[in-house]
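Q: Contents are JSON, C-alpha atoms; file name work-v3.json:
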```json
[["chain", "number", "residue", "atom", "x", "y", "z"],
["A", 1, "MET", "CA", 4.13, 10.36, 21.54],
["A", 2, "PRO", "CA", 4.58, 9.12, 17.93],
["A", 3, "HIS", "CA", 6.27, 5.95, 19.14],
["A", 4, "ALA", "CA", 3.45, 5.31, 21.65],
["A", 5, "HIS", "CA", 0.88, 5.54, 18.84],
["A", 6, "ILE", "CA", 2.92, 3.17, 16.68],
["A", 7, "SER", "CA", 3.37, 0.64, 19.49],
["A", 8, "ARG", "CA", -0.38, 0.58, 20.19],
["A", 9, "LEU", "CA", -1.16, 0.13, 16.51],
["A", 10, "LEU", "CA", 1.26, -2.74, 16.00],
["A", 11, "ASP", "CA", 0.35, -4.47, 19.27],
["A", 12, "THR", "CA", -3.36, -4.34, 18.38],
["A", 13, "ALA", "CA", -2.83, -5.54, 14.81],
["A", 14, "ASN", "CA", -0.55, -8.39, 15.89],
["A", 15, "GLN", "CA", -3.28, -9.75, 18.14],
["A", 16, "ILE", "CA", -5.47, -10.37, 15.08],
["A", 17, "ILE", "CA", -2.94, -10.95, 12.27],
["A", 18, "LEU", "CA", -0.90, -13.70, 13.90],
["A", 19, "GLY", "CA", 2.75, -14.34, 13.12],
["A", 20, "LYS", "CA", 3.11, -11.55, 10.54],
["A", 21, "LYS", "CA", 4.90, -8.79, 12.43],
["A", 22, "HIS", "CA", 7.20, -7.95, 9.54],
["A", 23, "ALA", "CA", 4.36, -7.66, 7.01],
["A", 24, "LEU", "CA", 2.38, -5.46, 9.40],
["A", 25, "LYS", "CA", 5.39, -3.21, 9.98],
["A", 26, "LEU", "CA", 5.85, -2.82, 6.23],
["A", 27, "ALA", "CA", 2.15, -2.03, 5.75],
["A", 28, "LEU", "CA", 2.23, 0.62, 8.46],
["A", 29, "THR", "CA", 5.44, 2.03, 6.96],
["A", 30, "CYS", "CA", 3.63, 2.47, 3.67],
["A", 31, "LEU", "CA", 0.70, 4.33, 5.21],
["A", 32, "ILE", "CA", 2.90, 6.61, 7.32],
["A", 33, "ALA", "CA", 4.87, 7.39, 4.15],
["A", 34, "ARG", "CA", 1.58, 8.47, 2.51],
["A", 35, "GLY", "CA", 1.76, 5.63, 0.03],
["A", 36, "HIS", "CA", -0.62, 3.10, -1.46],
["A", 37, "LEU", "CA", -0.04, -0.58, -0.76],
["A", 38, "LEU", "CA", -0.26, -3.63, -3.02],
["A", 39, "ILE", "CA", -0.56, -7.01, -1.30],
["A", 40, "GLU", "CA", 0.09, -9.94, -3.62],
["A", 41, "ASP", "CA", -0.51, -13.46, -2.40],
["A", 42, "VAL", "CA", -2.66, -16.55, -2.73],
["A", 43, "PRO", "CA", -6.25, -16.36, -1.42],
["A", 44, "GLY", "CA", -6.92, -17.03, 2.24],
["A", 45, "VAL", "CA", -3.75, -15.78, 3.95],
["A", 46, "GLY", "CA", -5.25, -12.63, 5.50],
["A", 47, "LYS", "CA", -4.85, -9.88, 2.91],
["A", 48, "THR", "CA", -8.36, -8.51, 3.39],
["A", 49, "THR", "CA", -8.21, -8.89, 7.16],
["A", 50, "LEU", "CA", -5.00, -6.86, 7.30],
["A", 51, "ALA", "CA", -6.69, -3.94, 5.53],
["A", 52, "HIS", "CA", -9.71, -4.15, 7.86],
["A", 53, "VAL", "CA", -7.48, -4.18, 10.94],
["A", 54, "LEU", "CA", -5.49, -1.11, 9.88],
["A", 55, "ALA", "CA", -8.62, 0.85, 9.01],
["A", 56, "GLN", "CA", -10.41, 0.09, 12.27],
["A", 57, "ALA", "CA", -7.35, 0.52, 14.48],
["A", 58, "MET", "CA", -6.78, 4.00, 13.02],
["A", 59, "GLY", "CA", -10.45, 5.00, 13.01],
["A", 60, "LEU", "CA", -10.50, 5.48, 9.24],
["A", 61, "HIS", "CA", -13.65, 5.50, 7.11],
["A", 62, "PHE", "CA", -13.32, 2.21, 5.23],
["A", 63, "GLN", "CA", -14.80, 0.96, 1.97],
["A", 64, "ARG", "CA", -14.23, -2.36, 0.29],
["A", 65, "ILE", "CA", -14.59, -2.60, -3.48],
["A", 66, "GLN", "CA", -14.70, -6.12, -4.87],
["A", 67, "PHE", "CA", -13.09, -6.00, -8.29],
["A", 68, "THR", "CA", -14.65, -8.30, -10.88],
["A", 69, "SER", "CA", -14.53, -8.56, -14.66],
["A", 70, "ASP", "CA", -17.87, -6.72, -15.04],
["A", 71, "LEU", "CA", -17.06, -3.84, -12.67],
["A", 72, "LEU", "CA", -17.27, -0.42, -14.36],
["A", 73, "PRO", "CA", -15.35, 2.80, -13.58],
["A", 74, "ALA", "CA", -18.62, 4.48, -12.53],
["A", 75, "ASP", "CA", -19.11, 1.74, -9.92],
["A", 76, "ILE", "CA", -15.95, 3.07, -8.25],
["A", 77, "ILE", "CA", -16.05, 6.83, -8.85],
["A", 78, "GLY", "CA", -19.80, 7.49, -8.82],
["A", 79, "VAL", "CA", -22.41, 8.72, -11.29],
["A", 80, "SER", "CA", -24.40, 11.85, -12.08],
["A", 81, "ILE", "CA", -28.10, 11.46, -11.32],
["A", 82, "PHE", "CA", -30.83, 13.74, -12.63],
["A", 83, "ASP", "CA", -32.58, 15.57, -9.81],
["A", 84, "ARG", "CA", -36.14, 16.26, -10.92],
["A", 85, "GLU", "CA", -36.86, 18.73, -8.14],
["A", 86, "ASN", "CA", -33.99, 21.00, -9.19],
["A", 87, "SER", "CA", -34.03, 20.02, -12.88],
["A", 88, "ALA", "CA", -30.28, 19.43, -12.75],
["A", 89, "PHE", "CA", -27.77, 16.63, -12.46],
["A", 90, "ARG", "CA", -26.13, 15.96, -9.11],
["A", 91, "PHE", "CA", -23.12, 13.78, -8.47],
["A", 92, "ALA", "CA", -23.65, 10.66, -6.37],
["A", 93, "PRO", "CA", -20.22, 9.73, -4.94],
["A", 94, "GLY", "CA", -19.02, 6.15, -5.33],
["A", 95, "PRO", "CA", -17.24, 4.01, -2.75],
["A", 96, "ILE", "CA", -13.87, 5.60, -3.51],
["A", 97, "PHE", "CA", -14.87, 8.55, -1.30],
["A", 98, "ALA", "CA", -13.45, 7.02, 1.86],
["A", 99, "GLN", "CA", -10.20, 7.35, 3.77],
["A", 100, "LEU", "CA", -9.05, 3.77, 3.21],
["A", 101, "ILE", "CA", -10.13, 1.83, 0.14],
["A", 102, "LEU", "CA", -9.65, -1.91, -0.12],
["A", 103, "ALA", "CA", -9.47, -2.75, -3.83],
["A", 104, "ASP", "CA", -9.97, -6.46, -3.37],
["A", 105, "GLU", "CA", -8.57, -8.72, -6.13],
["A", 106, "VAL", "CA", -7.78, -5.65, -8.21],
["A", 107, "ASN", "CA", -6.36, -7.69, -11.08],
["A", 108, "ARG", "CA", -9.68, -9.44, -11.72],
["A", 109, "ALA", "CA", -11.06, -6.21, -13.24],
["A", 110, "THR", "CA", -10.39, -5.07, -16.79],
["A", 111, "PRO", "CA", -7.66, -2.50, -17.50],
["A", 112, "LYS", "CA", -10.34, 0.16, -18.15],
["A", 113, "THR", "CA", -11.73, -0.30, -14.65],
["A", 114, "GLN", "CA", -8.28, -0.47, -13.08],
["A", 115, "SER", "CA", -7.49, 2.90, -14.66],
["A", 116, "ALA", "CA", -10.32, 4.50, -12.64],
["A", 117, "LEU", "CA", -7.92, 4.45, -9.67],
["A", 118, "LEU", "CA", -5.08, 6.31, -11.39],
["A", 119, "GLU", "CA", -6.17, 9.91, -10.78],
["A", 120, "ALA", "CA", -7.35, 9.13, -7.25],
["A", 121, "MET", "CA", -4.04, 7.51, -6.27],
["A", 122, "GLU", "CA", -1.86, 10.23, -7.80],
["A", 123, "GLU", "CA", -3.80, 13.45, -7.14],
["A", 124, "GLN", "CA", -6.23, 12.51, -4.34],
["A", 125, "GLN", "CA", -9.18, 13.57, -6.47],
["A", 126, "VAL", "CA", -11.51, 12.18, -9.13],
["A", 127, "THR", "CA", -13.04, 13.81, -12.18],
["A", 128, "ALA", "CA", -16.55, 12.98, -13.37],
["A", 129, "ASP", "CA", -18.50, 14.79, -16.11],
["A", 130, "GLY", "CA", -15.87, 17.52, -16.19],
["A", 131, "GLN", "CA", -16.12, 18.23, -12.45],
["A", 132, "THR", "CA", -13.25, 17.55, -10.04],
["A", 133, "HIS", "CA", -14.10, 16.16, -6.62],
["A", 134, "PRO", "CA", -11.48, 16.05, -3.82],
["A", 135, "LEU", "CA", -11.04, 12.86, -1.81],
["A", 136, "PRO", "CA", -10.68, 12.70, 1.98],
["A", 137, "ASP", "CA", -7.42, 13.25, 3.80],
["A", 138, "PRO", "CA", -5.85, 10.89, 4.67],
["A", 139, "PHE", "CA", -6.59, 8.74, 1.61],
["A", 140, "PHE", "CA", -5.09, 5.31, 0.94],
["A", 141, "VAL", "CA", -5.64, 2.47, -1.45],
["A", 142, "ILE", "CA", -4.76, -1.01, -0.26],
["A", 143, "ALA", "CA", -5.12, -3.37, -3.20],
["A", 144, "THR", "CA", -4.95, -7.13, -3.03],
["A", 145, "GLN", "CA", -3.81, -9.10, -6.04],
["A", 146, "ASN", "CA", -3.92, -12.78, -6.82],
["A", 147, "PRO", "CA", -0.89, -14.36, -8.50],
["A", 148, "ALA", "CA", -0.88, -13.58, -12.21],
["A", 149, "ASN", "CA", -0.93, -17.27, -13.16],
["A", 150, "GLN", "CA", -4.43, -17.70, -11.70],
["A", 151, "ILE", "CA", -7.38, -17.93, -14.09],
["A", 152, "GLY", "CA", -9.35, -14.74, -14.76],
["A", 153, "THR", "CA", -6.68, -12.14, -13.94],
["A", 154, "PHE", "CA", -5.55, -9.09, -15.94],
["A", 155, "PRO", "CA", -1.99, -7.84, -15.38],
["A", 156, "LEU", "CA", -1.74, -4.37, -13.84],
["A", 157, "PRO", "CA", -0.15, -1.88, -16.28],
["A", 158, "GLU", "CA", 3.17, -0.34, -15.30],
["A", 159, "SER", "CA", 1.54, 3.09, -14.83],
["A", 160, "GLN", "CA", -0.75, 1.54, -12.22],
["A", 161, "LEU", "CA", 2.02, -0.43, -10.50],
["A", 162, "ASP", "CA", 4.19, 2.68, -10.20],
["A", 163, "ARG", "CA", 1.48, 4.39, -8.15],
["A", 164, "PHE", "CA", 1.74, 1.76, -5.43],
["A", 165, "LEU", "CA", 4.51, 2.80, -3.11],
["A", 166, "MET", "CA", 5.11, -0.73, -1.85],
["A", 167, "ARG", "CA", 4.23, -4.32, -2.64],
["A", 168, "ILE", "CA", 4.32, -6.93, 0.10],
["A", 169, "HIS", "CA", 3.60, -10.62, 0.48],
["A", 170, "ILE", "CA", 1.99, -12.07, 3.60],
["A", 171, "GLY", "CA", 2.68, -15.77, 3.06],
["A", 172, "TYR", "CA", 1.51, -18.76, 5.03],
["A", 173, "PRO", "CA", 1.74, -18.56, 8.83],
["A", 174, "ASP", "CA", 4.32, -20.64, 10.67],
["A", 175, "ARG", "CA", 3.12, -23.70, 12.56],
["A", 176, "SER", "CA", 2.69, -22.03, 15.96],
["A", 177, "ALA", "CA", 0.81, -19.04, 14.52],
["A", 178, "GLU", "CA", -1.43, -21.29, 12.46],
["A", 179, "ARG", "CA", -2.15, -23.42, 15.52],
["A", 180, "ALA", "CA", -3.19, -20.31, 17.47],
["A", 181, "LEU", "CA", -5.34, -19.28, 14.51],
["A", 182, "LEU", "CA", -7.06, -22.66, 14.31],
["A", 183, "MET", "CA", -7.70, -22.89, 18.05],
["A", 184, "GLY", "CA", -8.51, -19.22, 18.67],
["A", 185, "GLU", "CA", -11.55, -17.05, 18.18],
["A", 186, "ASP", "CA", -12.85, -16.28, 14.72],
["A", 187, "ARG", "CA", -10.99, -13.28, 13.23],
["A", 188, "ARG", "CA", -14.26, -11.68, 12.08],
["A", 189, "ALA", "CA", -15.57, -11.65, 15.65],
["A", 190, "LEU", "CA", -12.35, -10.03, 16.84],
["A", 191, "LEU", "CA", -12.64, -7.40, 14.10],
["A", 192, "GLU", "CA", -16.19, -6.54, 15.14],
["A", 193, "ARG", "CA", -14.98, -5.72, 18.66],
["A", 194, "LEU", "CA", -11.85, -3.86, 17.57],
["A", 195, "GLU", "CA", -11.86, -0.26, 18.78],
["A", 196, "PRO", "CA", -9.67, 2.49, 17.28],
["A", 197, "VAL", "CA", -6.40, 2.95, 19.14],
["A", 198, "ILE", "CA", -5.54, 6.22, 17.36],
["A", 199, "ARG", "CA", -7.53, 8.82, 15.44],
["A", 200, "PRO", "CA", -7.09, 9.87, 11.80],
["A", 201, "GLU", "CA", -5.61, 13.14, 13.08],
["A", 202, "ASP", "CA", -2.95, 11.13, 14.93],
["A", 203, "LEU", "CA", -2.04, 9.39, 11.68],
["A", 204, "LEU", "CA", -1.58, 12.77, 10.01],
["A", 205, "LEU", "CA", 0.78, 13.73, 12.86],
["A", 206, "LEU", "CA", 2.75, 10.51, 12.34],
["A", 207, "GLN", "CA", 3.07, 11.35, 8.65],
["A", 208, "GLN", "CA", 4.35, 14.83, 9.51],
["A", 209, "ALA", "CA", 6.81, 13.38, 12.03],
["A", 210, "ALA", "CA", 8.15, 10.96, 9.43],
["A", 211, "HIS", "CA", 8.57, 13.76, 6.90],
["A", 212, "SER", "CA", 10.77, 15.66, 9.38],
["A", 213, "ILE", "CA", 13.15, 12.71, 9.95],
["A", 214, "THR", "CA", 16.73, 13.67, 9.07],
["A", 215, "ILE", "CA", 18.46, 12.00, 6.14],
["A", 216, "SER", "CA", 22.07, 12.83, 5.31],
["A", 217, "GLU", "CA", 23.27, 13.86, 1.86],
["A", 218, "ALA", "CA", 25.43, 10.74, 1.79],
["A", 219, "LEU", "CA", 22.30, 8.59, 2.08],
["A", 220, "VAL", "CA", 20.53, 10.64, -0.58],
["A", 221, "ASP", "CA", 23.55, 9.83, -2.77],
["A", 222, "TYR", "CA", 23.05, 6.15, -1.90],
["A", 223, "VAL", "CA", 19.39, 6.31, -2.95],
["A", 224, "GLN", "CA", 20.34, 8.02, -6.21],
["A", 225, "ASN", "CA", 23.00, 5.39, -6.87],
["A", 226, "LEU", "CA", 20.49, 2.59, -6.31],
["A", 227, "VAL", "CA", 17.97, 4.17, -8.65],
["A", 228, "SER", "CA", 20.48, 4.99, -11.38],
["A", 229, "HIS", "CA", 22.00, 1.50, -11.19],
["A", 230, "THR", "CA", 18.61, -0.03, -12.07],
["A", 231, "ARG", "CA", 18.57, 2.11, -15.22],
["A", 232, "ARG", "CA", 22.01, 0.89, -16.35],
["A", 233, "ASP", "CA", 21.62, -2.76, -15.35],
["A", 234, "ALA", "CA", 21.21, -4.92, -18.47],
["A", 235, "GLY", "CA", 19.32, -7.48, -16.41],
["A", 236, "PHE", "CA", 16.27, -5.22, -16.21],
["A", 237, "SER", "CA", 14.09, -3.98, -19.06],
["A", 238, "GLY", "CA", 13.78, -0.53, -17.48],
["A", 239, "GLY", "CA", 14.87, 1.33, -14.39],
["A", 240, "LEU", "CA", 13.15, 2.95, -11.43],
["A", 241, "SER", "CA", 11.33, 6.23, -11.95],
["A", 242, "PRO", "CA", 11.92, 9.46, -9.99],
["A", 243, "ARG", "CA", 8.63, 8.67, -8.22],
["A", 244, "ALA", "CA", 10.22, 5.47, -6.94],
["A", 245, "GLY", "CA", 13.23, 7.41, -5.62],
["A", 246, "LEU", "CA", 10.97, 9.82, -3.74],
["A", 247, "GLY", "CA", 8.98, 6.90, -2.39],
["A", 248, "LEU", "CA", 12.16, 5.17, -1.23],
["A", 249, "LEU", "CA", 13.16, 8.21, 0.82],
["A", 250, "ALA", "CA", 9.65, 8.55, 2.31],
["A", 251, "ALA", "CA", 9.45, 4.85, 3.20],
["A", 252, "ALA", "CA", 12.93, 4.86, 4.76],
["A", 253, "ARG", "CA", 11.93, 7.81, 6.95],
["A", 254, "ALA", "CA", 8.71, 6.05, 8.00],
["A", 255, "TRP", "CA", 10.60, 2.81, 8.80],
["A", 256, "CYS", "CA", 13.06, 4.87, 10.86],
["A", 257, "LEU", "CA", 10.19, 6.53, 12.76],
["A", 258, "ILE", "CA", 8.65, 3.14, 13.59],
["A", 259, "ASP", "CA", 12.00, 2.04, 15.00],
["A", 260, "GLY", "CA", 12.01, 5.12, 17.24],
["A", 261, "ARG", "CA", 14.96, 6.99, 15.71],
["A", 262, "ASP", "CA", 15.28, 10.54, 14.39],
["A", 263, "HIS", "CA", 17.74, 9.93, 11.55],
["A", 264, "VAL", "CA", 17.80, 7.46, 8.67],
["A", 265, "LEU", "CA", 20.39, 4.68, 8.53],
["A", 266, "PRO", "CA", 21.45, 2.68, 5.45],
["A", 267, "GLU", "CA", 19.62, -0.30, 6.96],
["A", 268, "ASP", "CA", 16.33, 1.62, 6.74],
["A", 269, "ILE", "CA", 16.76, 2.08, 3.00],
["A", 270, "GLN", "CA", 17.78, -1.54, 2.53],
["A", 271, "ALA", "CA", 14.79, -2.78, 4.55],
["A", 272, "VAL", "CA", 12.21, -1.11, 2.30],
["A", 273, "PHE", "CA", 14.00, -1.13, -1.06],
["A", 274, "PRO", "CA", 12.93, -4.65, -2.18],
["A", 275, "HIS", "CA", 9.28, -3.79, -1.54],
["A", 276, "ILE", "CA", 9.52, -0.56, -3.54],
["A", 277, "ALA", "CA", 11.56, -1.95, -6.44],
["A", 278, "GLY", "CA", 10.12, -5.46, -6.75],
["A", 279, "HIS", "CA", 6.90, -4.57, -8.57],
["A", 280, "ARG", "CA", 8.47, -1.82, -10.68],
["A", 281, "LEU", "CA", 11.40, -3.74, -12.16],
["A", 282, "HIS", "CA", 11.03, -6.40, -14.83],
["A", 283, "LEU", "CA", 13.63, -8.82, -16.12],
["A", 284, "ALA", "CA", 15.05, -8.15, -19.58],
["A", 285, "GLY", "CA", 13.90, -10.61, -22.20],
["A", 286, "ASP", "CA", 10.86, -12.32, -20.72],
["A", 287, "GLY", "CA", 9.36, -9.30, -18.91],
["A", 288, "ARG", "CA", 8.75, -11.18, -15.67],
["A", 289, "ALA", "CA", 8.74, -9.25, -12.42],
["A", 290, "ALA", "CA", 12.15, -8.97, -10.82],
["A", 291, "SER", "CA", 12.93, -11.83, -8.45],
["A", 292, "GLN", "CA", 14.10, -11.44, -4.87],
["A", 293, "ASP", "CA", 17.52, -12.74, -5.94],
["A", 294, "SER", "CA", 17.89, -10.07, -8.64],
["A", 295, "ILE", "CA", 16.94, -7.31, -6.19],
["A", 296, "GLU", "CA", 19.42, -8.58, -3.62],
["A", 297, "ARG", "CA", 22.14, -8.77, -6.30],
["A", 298, "LEU", "CA", 21.43, -5.16, -7.23],
["A", 299, "MET", "CA", 21.74, -4.06, -3.60],
["A", 300, "ARG", "CA", 25.07, -5.88, -3.26],
["A", 301, "GLU", "CA", 26.43, -4.12, -6.32],
["A", 302, "VAL", "CA", 25.71, -0.63, -4.94],
["A", 303, "SER", "CA", 27.87, 0.19, -1.96],
["A", 304, "VAL", "CA", 27.11, 2.61, 0.86],
["A", 305, "ARG", "CA", 29.83, 5.27, 0.82]]
```
Take the structure I supplied and represent it as structure tokens, if you would.
A:
Amino acid sequence: MPHAHISRLLDTANQIILGKKHALKLALTCLIARGHLLIEDVPGVGKTTLAHVLAQAMGLHFQRIQFTSDLLPADIIGVSIFDRENSAFRFAPGPIFAQLILADEVNRATPKTQSALLEAMEEQQVTADGQTHPLPDPFFVIATQNPANQIGTFPLPESQLDRFLMRIHIGYPDRSAERALLMGEDRRALLERLEPVIRPEDLLLLQQAAHSITISEALVDYVQNLVSHTRRDAGFSGGLSPRAGLGLLAAARAWCLIDGRDHVLPEDIQAVFPHIAGHRLHLAGDGRAASQDSIERLMREVSVR
């Protein structure tokens, strides 16, 4: 049953997001692993559409928040409003009270506004005026980010980046996919007709199934060796956190589930590792994000025993 749900999801999404099967598989891996997703790419390649497709295909309550330089934390979390009839304040929830949040162009907002997501992403709750309010279950943040060299962007702090389980790039479509996109029906019209193929409860079952996937102690050793190697490598300014190690195990299990297996292979860990480490590691000296080459070098230096 889990594999049937996954096949329907991917088949439906691939009909709208053309030529990006690998990116879609990674995005679904992230959600099944109970993680938040960061999509970094140039405008116009389908970042927002991907979030819409996943939300509608899974029947999730969806909210899009457009991040701008004048956005305030209260615009995300909500505000307390004075109720004259009861002579008391009542909390009016903001758009973050949904099952899937699209934080569109998240790095166009100031660091103060970006920080409004921290508690929600880590603890699945928000605090306003001393009161804690739980968020729905499941709860995901999919954030899109423009390249840092574009005008009007604020870099995400490391504490924020570490709360995203994975970062992916979509990239330009190949020629055949772009041709089908140009000649085909408008993606917005397709989205309007898209019906859920699974329910939110089915997604929770997929998450539970992924959590029960077997992983051997030898592969846990491999994950620990990868993480510890990043902390010793002089090429990086800092290593991966324990949160990253836990996320790597969760993502490897989810990737394994999508492939229809009941035990994790080294290839599962290697498939997701670049997307978990890439936004967390920075090069020593200039502080730039780790390149694909440096991540691949790191993986070559740590053997599977």
Q: Using atom CA of A:Thr48 and atom CA of A:Leu26 as the two end points, give the distance in Å to one decimal.
A: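 We find that atom CA of A:Thr48 and atom CA of A:Leu26 lie 15.6 Å from each other.
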Q: Show me a table, sorted first by chain and then by increasing residue number, of the residues of stretch 112-166 of chain A having an atom at most 12 Å from stretch 238-249 of chain A, each with its shortest atom pair and the distance in Å to one decimal, counting only C-alpha atoms and written as a tab-separated table.
A:
```
residue	atom	partner	partner_atom	distance
A:Glu122	CA	A:Arg243	CA	10.6
A:Glu158	CA	A:Gly238	CA	10.8
A:Ser159	CA	A:Ser241	CA	10.7
A:Leu161	CA	A:Ala244	CA	10.7
A:Asp162	CA	A:Ala244	CA	7.4
A:Arg163	CA	A:Arg243	CA	8.3
A:Phe164	CA	A:Ala244	CA	9.4
A:Leu165	CA	A:Gly247	CA	6.1
A:Met166	CA	A:Gly247	CA	8.6
```
Q: Name the residues in contact with stretch 215-226 of chain A at a cut-off of 7 Å, using all atoms listed in the file, excluding same-chain residues fewer than 2 positions from it; report them as a ChimeraX atom specification.
A: /A:213,228-230,245,263-264,266,302,304
Q: What's the 8 Å shell around A:Gln66, counting all atoms listed in the file, without same-chain residues fewer than 6 positions away, as a ChimeraX atom specification?
A: /A:103-106
Q: Hey, could you make a per-residue contact list for stretch 122-189 of chain A against stretch 71-86 of chain A with 9 Å as the cut-off, showing the nearest pair of atoms and its distance in Å to one decimal, counting only C-alpha atoms, sorted by chain and number, as CSV?
A:
```
residue,atom,partner,partner_atom,distance
A:Val126,CA,A:Ile77,CA,7.0
A:Thr127,CA,A:Ile77,CA,8.3
A:Ala128,CA,A:Val79,CA,7.5
A:Asp129,CA,A:Ser80,CA,7.7
```
Q: For A:Ile258, which of A:Ile101, A:Leu205, A:Ala120, A:Ile6 is the closest residue, counting only C-alpha atoms?
A: A:Ile6
Q: Could you list, as number ranges by chain, every residue within 12 Å of A:Ala180, counting only C-alpha atoms and ignoring same-chain residues fewer than 6 positions away?
A: A: 15-19, 173-174, 186-187
Q: Give me, as a list in words, all polymer residues having an atom no more than 8 Å from A:His52, counting only C-alpha atoms and skipping those fewer than 3 positions away in the same chain.
A: Thr48, Thr49, Ala55, Gln56, Phe62 and Leu191 of chain A
Q: Return the single residue from A:Pro196, A:Pro134, A:Gly285, A:Gly260 that is closest to A:Gly235, with distances computed using all atoms listed in the file.
A: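 Smallest separation from A:Gly235 among the options: A:Gly285.
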Q: Tell me, in Å to one decimal, how far atom CA of A:Lys47 is from atom CA of A:Ala177.
A: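 We find that atom CA of A:Lys47 and atom CA of A:Ala177 lie 15.8 Å from each other.
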Q: Using only C-alpha atoms, which protein or nucleic acid residues come within 6 Å of stretch 135-144 of chain A? Drop anything in the same chain fewer than 2 positions from it, and give the result as a ChimeraX atom specification.
A: /A:36-40,97,99-105,124-125
Q: Record the distance separating atom CA of A:Ala23 and atom CA of A:Leu194, expressed in Å with one decimal.
A: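 Atom-to-atom, atom CA of A:Ala23 and atom CA of A:Leu194 are spaced 19.7 Å apart.
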Q: Pick from A:Asp259, A:Glu301, A:Glu192, A:Glu178: nearest to A:Asp233, with only C-alpha atoms counted?
A: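 Closest to A:Asp233 of all the choices is A:Glu301.
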Q: Please output stretch 38-43 of chain A, rebuilt to include all heavy atoms, as a CSV table (one decimal), keeping the file's coordinate frame.
A:
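Final file, part.csv:
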```csv
chain,number,residue,atom,x,y,z
A,38,LEU,N,0.2,-2.5,-2.2
A,38,LEU,CA,-0.3,-3.6,-3.0
A,38,LEU,C,0.1,-4.9,-2.3
A,38,LEU,O,1.3,-5.1,-2.0
A,38,LEU,CB,0.4,-3.6,-4.4
A,38,LEU,CG,0.0,-4.8,-5.4
A,38,LEU,CD1,-1.4,-4.8,-5.7
A,38,LEU,CD2,0.9,-4.7,-6.6
A,39,ILE,N,-0.8,-5.7,-2.0
A,39,ILE,CA,-0.6,-7.0,-1.3
A,39,ILE,C,-0.8,-8.1,-2.3
A,39,ILE,O,-1.9,-8.3,-2.8
A,39,ILE,CB,-1.4,-7.2,-0.1
A,39,ILE,CG1,-1.4,-6.0,0.9
A,39,ILE,CG2,-1.0,-8.4,0.7
A,39,ILE,CD1,-2.3,-6.1,2.1
A,40,GLU,N,0.2,-8.9,-2.6
A,40,GLU,CA,0.1,-9.9,-3.6
A,40,GLU,C,0.3,-11.3,-2.9
A,40,GLU,O,1.4,-11.5,-2.3
A,40,GLU,CB,1.1,-9.8,-4.8
A,40,GLU,CG,1.0,-10.8,-5.8
A,40,GLU,CD,1.9,-10.6,-7.0
A,40,GLU,OE1,1.6,-9.8,-7.9
A,40,GLU,OE2,3.0,-11.2,-7.0
A,41,ASP,N,-0.7,-12.1,-3.0
A,41,ASP,CA,-0.5,-13.5,-2.4
A,41,ASP,C,-1.7,-14.3,-2.8
A,41,ASP,O,-2.7,-13.9,-3.4
A,41,ASP,CB,-0.4,-13.3,-0.9
A,41,ASP,CG,0.7,-14.2,-0.3
A,41,ASP,OD1,0.8,-15.3,-0.7
A,41,ASP,OD2,1.4,-13.7,0.6
A,42,VAL,N,-1.6,-15.6,-2.4
A,42,VAL,CA,-2.7,-16.6,-2.7
A,42,VAL,C,-3.9,-16.2,-1.8
A,42,VAL,O,-3.7,-15.6,-0.8
A,42,VAL,CB,-2.2,-18.0,-2.5
A,42,VAL,CG1,-1.1,-18.4,-3.4
A,42,VAL,CG2,-1.7,-18.2,-1.0
A,43,PRO,N,-5.1,-16.6,-2.2
A,43,PRO,CA,-6.2,-16.4,-1.4
A,43,PRO,C,-6.2,-17.1,-0.1
A,43,PRO,O,-5.6,-18.1,0.1
A,43,PRO,CB,-7.4,-17.0,-2.3
A,43,PRO,CG,-6.9,-17.0,-3.7
A,43,PRO,CD,-5.4,-17.3,-3.5
```
